[in-house]
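Heads up, the thing below is written out as structure tokens.
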Amino acid sequence: MLPLVGRVLAISPVRRGVLAAVSRSRPRPPGPSTGDTSWAHAELIWPDGTRRQGWLSTGEAYTFTARVAVEVTCTLADGHGRPGAHTPGTLAGVGLIELAGAKVTIGDEVR
């Protein structure tokens with residue numbers, strides 16, 4: 001079904017109509033904040049061999065996931081997609097996580 005949807009959205013008037021409809025939609029306001037935060041940890045390795053601890057704080061995970069979907073959709077709508085299967089990060093770049101509202105902390109060197 002996705003190839004068919006891609007072909008239909010490749011038609012400029014259809015794509016503009018869908019983008020206009022999406023831009024008019026308004027999400028429900030968020031509920032009361034519970035202070036929930038999701039964290040991810042990784043060991044970051046630079047090309048020169050430097051290793052550091054990295055932490056990703058996304059805030060509320062569902063909101064972060066929705067923001068990632070919106071940013072990737074905007075990237076594709078702007079014509080910056082590439083053929084093939086990609087993760088959101090490989091398609092839109094590392095800056096995607098900050099555009100989606102996450103914070104990255106890089107800690108001390110790992111031994």
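Every chain in the structure tokens has a letter given in the order shown (A, B, ...), and although residue numbers restart at 1 in each chain, ligands are simply numbered from 1 in the order shown.
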Could you give me, as an MDAnalysis selection string, the residues within 6 Å of A:Ser38, counting only C-alpha atoms and dropping anything in the same chain fewer than 3 positions from it?
chainID A and resid 57:59 61
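We find atom CA of A:His86 and atom CA of A:Gly101 to be spaced 20.9 Å apart.
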For stretch 17-25 of chain A, find every residue with an atom within 12 Å (counting only C-alpha atoms), except residues of its own chain fewer than 4 positions away, and show them as a list of chain:residue names.
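The neighbour list is A:Val5, A:Val8, A:Leu9, A:Ala10, A:Ile11, A:Ser12, A:Pro13, A:Val70, A:Thr73, A:Cys74, A:Leu76, A:Ala77, A:Asp78.
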Smallest atom-to-atom distance to A:Gly54: which of A:Ala40, A:Leu99, A:Val72, A:Leu2, using only C-alpha atoms?
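Ranked by minimum distance to A:Gly54, first place goes to A:Ala40.
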I'd like to know which residues of stretch 32-103 of chain A are alpha helix (DSSP H) (by DSSP, run on the backbone); could you write them as an MDAnalysis selection string?
chainID A and resid 61:77 88:92 96:99
Need the shell around A:Thr87: protein/DNA/RNA residues with any atom at most 12 Å away, counting only C-alpha atoms. Skip same-chain ones fewer than 3 positions apart. Format as a PyMOL selection string?
chain A and resi 68-69+72+81-82+84+90-94+96
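When DSSP reads the backbone of this structure, the residues of chain A it assigns to strand (DSSP E) are Ser38, Trp39, Ala40, His41, Ala42, Glu43, Leu44, Ile45, Arg51, Arg52, Gln53, Gly54, Trp55, Leu56, Ser57, Thr58, Gly59, Lys103, Val104, Thr105, Ile106, Gly107, Asp108 and Glu109 of chain A.
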Residue subset to file, keeping N, CA and C atoms, as a tab-separated table (two decimals), in the first residue's frame:
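Saved to result-v9.tsv:
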```tsv
chain	number	residue	atom	x	y	z
A	38	SER	N	11.78	10.30	29.29
A	38	SER	CA	12.40	9.07	28.81
A	38	SER	C	13.86	9.34	28.53
A	39	TRP	N	14.70	8.37	28.87
A	39	TRP	CA	16.14	8.52	28.70
A	39	TRP	C	16.67	7.39	27.84
A	40	ALA	N	17.71	7.69	27.07
A	40	ALA	CA	18.44	6.67	26.31
A	40	ALA	C	19.92	6.91	26.56
A	41	HIS	N	20.68	5.84	26.58
A	41	HIS	CA	22.12	5.93	26.83
A	41	HIS	C	22.87	5.27	25.67
A	42	ALA	N	24.01	5.85	25.31
A	42	ALA	CA	24.84	5.25	24.27
A	42	ALA	C	26.30	5.59	24.53
A	43	GLU	N	27.16	4.73	24.03
A	43	GLU	CA	28.58	5.05	24.01
A	43	GLU	C	28.86	5.65	22.64
A	44	LEU	N	29.36	6.88	22.63
A	44	LEU	CA	29.61	7.60	21.38
A	44	LEU	C	31.08	7.45	21.01
A	45	ILE	N	31.33	7.08	19.76
A	45	ILE	CA	32.70	6.87	19.29
A	45	ILE	C	32.95	7.77	18.08
A	51	ARG	N	36.03	8.15	22.84
A	51	ARG	CA	34.78	7.54	23.30
A	51	ARG	C	34.22	8.37	24.46
A	52	ARG	N	32.94	8.60	24.42
A	52	ARG	CA	32.27	9.34	25.49
A	52	ARG	C	30.90	8.72	25.75
A	53	GLN	N	30.38	8.98	26.96
A	53	GLN	CA	29.03	8.58	27.31
A	53	GLN	C	28.06	9.61	26.76
A	54	GLY	N	26.98	9.16	26.20
A	54	GLY	CA	25.95	10.08	25.71
A	54	GLY	C	24.60	9.73	26.27
A	55	TRP	N	23.83	10.76	26.62
A	55	TRP	CA	22.49	10.57	27.16
A	55	TRP	C	21.52	11.40	26.33
A	56	LEU	N	20.37	10.81	26.03
A	56	LEU	CA	19.30	11.49	25.29
A	56	LEU	C	18.10	11.58	26.21
A	57	SER	N	17.64	12.79	26.45
A	57	SER	CA	16.44	13.02	27.26
A	57	SER	C	15.34	13.52	26.33
A	58	THR	N	14.28	12.73	26.19
A	58	THR	CA	13.24	13.07	25.22
A	58	THR	C	12.03	13.79	25.82
A	59	GLY	N	11.99	13.92	27.12
A	59	GLY	CA	10.74	14.41	27.70
A	59	GLY	C	9.72	13.28	27.62
A	103	LYS	N	17.02	16.57	24.33
A	103	LYS	CA	18.29	17.15	24.78
A	103	LYS	C	19.35	16.07	24.78
A	104	VAL	N	20.52	16.40	24.28
A	104	VAL	CA	21.64	15.46	24.26
A	104	VAL	C	22.70	15.94	25.23
A	105	THR	N	23.17	15.05	26.08
A	105	THR	CA	24.24	15.35	27.02
A	105	THR	C	25.38	14.40	26.75
A	106	ILE	N	26.58	14.95	26.56
A	106	ILE	CA	27.76	14.13	26.34
A	106	ILE	C	28.63	14.25	27.57
A	107	GLY	N	28.91	13.10	28.19
A	107	GLY	CA	29.64	13.10	29.45
A	107	GLY	C	31.13	12.87	29.29
A	108	ASP	N	31.73	12.37	30.35
A	108	ASP	CA	33.18	12.15	30.39
A	108	ASP	C	33.61	11.05	29.45
A	109	GLU	N	34.89	11.07	29.18
A	109	GLU	CA	35.49	10.07	28.29
A	109	GLU	C	35.37	8.69	28.91
```
Quick one: pull the distance between atom CA of A:Thr65 and atom CA of A:Gly89, Å, one decimal.
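We find that atom CA of A:Thr65 and atom CA of A:Gly89 lie 12.3 Å from each other.
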What gap, in Å, lies between atom CA of A:Arg67 and atom CA of A:His80?
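Between atom CA of A:Arg67 and atom CA of A:His80 the gap is 17.6 Å.
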Given only C-alpha atoms as the basis, pick out the residue of A:Trp46, A:Gly79, A:Phe64, A:Ala85 nearest to A:Ala100.
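Among the listed residues, A:Phe64 lies closest to A:Ala100.
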